[in-house]
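Here is the structure we will look at, set down as structure tokens.
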Amino acid sequence: MKAQNSEYEQNHKDPVCGMEVSHDAAGEEIIYQDKTYYFCSGACREIFETEPEKYIH
Ligand SMILES: [Zn+2]
């Protein structure tokens, strides 16, 4: 579906703890409202899932 893009070369910010996580190193990812979020760990993912609205602004 999606064209290749440069997103995979970038680091992503873990919205919960603010840590930079590379695509390869990301322990967890979820898609929320059509955006993919990457997390350093399952713990951060769980926190995000509890209150996603808190972290996407
Ligand atoms: Zn984290």
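Note on naming: chains are A, B, ... as they come in the structure tokens, residues start from 1 per chain, ligands start from 1 in the order shown.
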Could you give me, as a tab-separated table, a per-residue list for chain A showing, wherever an atom lies at most 10 Å from an atom of ligand 1, the closest pair of atoms and their distance in Å to one decimal, using only C-alpha atoms and all ligand atoms and sorting by chain then residue number from low to high?
residue	atom	partner	partner_atom_place_in_ligand_line	distance
A:Lys13	CA	ligand 1	1 (Zn)	8.5
A:Asp14	CA	ligand 1	1 (Zn)	5.3
A:Pro15	CA	ligand 1	1 (Zn)	7.3
A:Val16	CA	ligand 1	1 (Zn)	5.6
A:Cys17	CA	ligand 1	1 (Zn)	4.4
A:Gly18	CA	ligand 1	1 (Zn)	6.5
A:Met19	CA	ligand 1	1 (Zn)	5.8
A:Glu20	CA	ligand 1	1 (Zn)	8.4
A:Val21	CA	ligand 1	1 (Zn)	8.4
A:Ala26	CA	ligand 1	1 (Zn)	9.3
A:Gly27	CA	ligand 1	1 (Zn)	9.2
A:Glu28	CA	ligand 1	1 (Zn)	9.4
A:Tyr38	CA	ligand 1	1 (Zn)	8.6
A:Phe39	CA	ligand 1	1 (Zn)	5.2
A:Cys40	CA	ligand 1	1 (Zn)	4.3
A:Ser41	CA	ligand 1	1 (Zn)	5.7
A:Gly42	CA	ligand 1	1 (Zn)	8.2
A:Ala43	CA	ligand 1	1 (Zn)	7.3
A:Cys44	CA	ligand 1	1 (Zn)	4.7
A:Arg45	CA	ligand 1	1 (Zn)	7.6
A:Ile47	CA	ligand 1	1 (Zn)	9.3
A:Phe48	CA	ligand 1	1 (Zn)	9.6
Can I get the selection written as a compact mmCIF listing (two decimals), in the first residue's frame, with C-alpha atoms?
# COMPACT_ATOMS: atom_id res chain seq x y z
CA LYS A 13 10.68 9.40 19.60
CA ASP A 14 9.14 7.28 22.26
CA PRO A 15 6.21 9.55 23.18
CA VAL A 16 6.09 8.27 26.73
CA CYS A 17 9.64 8.62 27.98
CA GLY A 18 10.98 10.84 25.21
CA MET A 19 13.79 8.49 24.30
CA GLU A 20 14.93 8.29 20.70
CA VAL A 21 14.42 4.81 19.35
CA ALA A 26 12.30 -0.20 18.84
CA GLY A 27 11.04 -2.83 21.17
CA GLU A 28 7.43 -2.13 20.58
CA TYR A 38 7.55 3.33 18.57
CA PHE A 39 8.50 2.57 22.12
CA CYS A 40 11.67 1.59 23.84
CA SER A 41 9.90 -1.14 25.73
CA GLY A 42 6.61 -2.84 26.35
CA ALA A 43 6.25 -0.88 29.54
CA CYS A 44 6.13 2.40 27.66
CA ARG A 45 3.72 0.96 25.14
CA ILE A 47 1.47 3.39 29.43
CA PHE A 48 0.68 4.89 26.05
All helix (DSSP H, G or I) positions in chain A, as a PyMOL selection string: chain A and resi 6-9+42-50+52-55
Could you find all residues in chain A that DSSP calls strand (DSSP E) from the backbone, and write them as a VMD selection string? chain A and resid 11 to 13 20 to 22 28 to 32 35 to 39
Same residues, N, CA and C atoms, output as an mmCIF file, in the first residue's frame:
data_model
loop_
_atom_site.group_PDB
_atom_site.id
_atom_site.type_symbol
_atom_site.label_atom_id
_atom_site.label_comp_id
_atom_site.auth_asym_id
_atom_site.auth_seq_id
_atom_site.Cartn_x
_atom_site.Cartn_y
_atom_site.Cartn_z
ATOM 1 N N ASN A 11 15.128 8.157 13.369
ATOM 2 C CA ASN A 11 14.804 7.723 14.718
ATOM 3 C C ASN A 11 13.399 8.192 15.058
ATOM 4 N N HIS A 12 12.787 7.463 15.893
ATOM 5 C CA HIS A 12 11.454 7.819 16.346
ATOM 6 C C HIS A 12 11.518 8.139 17.814
ATOM 7 N N LYS A 13 10.664 9.028 18.205
ATOM 8 C CA LYS A 13 10.679 9.400 19.604
ATOM 9 C C LYS A 13 9.626 8.588 20.346
ATOM 10 N N GLU A 20 14.867 8.541 22.132
ATOM 11 C CA GLU A 20 14.926 8.287 20.701
ATOM 12 C C GLU A 20 15.118 6.795 20.469
ATOM 13 N N VAL A 21 14.261 6.224 19.660
ATOM 14 C CA VAL A 21 14.424 4.808 19.349
ATOM 15 C C VAL A 21 14.492 4.654 17.836
ATOM 16 N N SER A 22 15.465 3.917 17.377
ATOM 17 C CA SER A 22 15.556 3.675 15.948
ATOM 18 C C SER A 22 14.531 2.615 15.572
ATOM 19 N N GLU A 28 8.862 -2.007 20.744
ATOM 20 C CA GLU A 28 7.428 -2.130 20.582
ATOM 21 C C GLU A 28 6.941 -1.058 19.639
ATOM 22 N N GLU A 29 5.895 -1.355 18.937
ATOM 23 C CA GLU A 29 5.250 -0.334 18.134
ATOM 24 C C GLU A 29 3.762 -0.595 18.078
ATOM 25 N N ILE A 30 3.020 0.462 17.987
ATOM 26 C CA ILE A 30 1.588 0.310 17.788
ATOM 27 C C ILE A 30 1.130 1.350 16.786
ATOM 28 N N ILE A 31 0.022 1.079 16.160
ATOM 29 C CA ILE A 31 -0.574 2.049 15.246
ATOM 30 C C ILE A 31 -1.798 2.630 15.937
ATOM 31 N N TYR A 32 -1.759 3.924 16.057
ATOM 32 C CA TYR A 32 -2.857 4.617 16.714
ATOM 33 C C TYR A 32 -3.277 5.767 15.824
ATOM 34 N N LYS A 35 -1.234 6.430 12.745
ATOM 35 C CA LYS A 35 0.180 6.747 12.923
ATOM 36 C C LYS A 35 0.847 5.633 13.704
ATOM 37 N N THR A 36 2.081 5.368 13.335
ATOM 38 C CA THR A 36 2.821 4.346 14.062
ATOM 39 C C THR A 36 3.667 5.003 15.133
ATOM 40 N N TYR A 37 3.575 4.471 16.303
ATOM 41 C CA TYR A 37 4.372 4.965 17.415
ATOM 42 C C TYR A 37 5.314 3.870 17.872
ATOM 43 N N TYR A 38 6.520 4.288 18.161
ATOM 44 C CA TYR A 38 7.545 3.328 18.574
ATOM 45 C C TYR A 38 7.916 3.572 20.029
ATOM 46 N N PHE A 39 8.198 2.484 20.686
ATOM 47 C CA PHE A 39 8.500 2.568 22.117
ATOM 48 C C PHE A 39 9.767 1.803 22.420
#
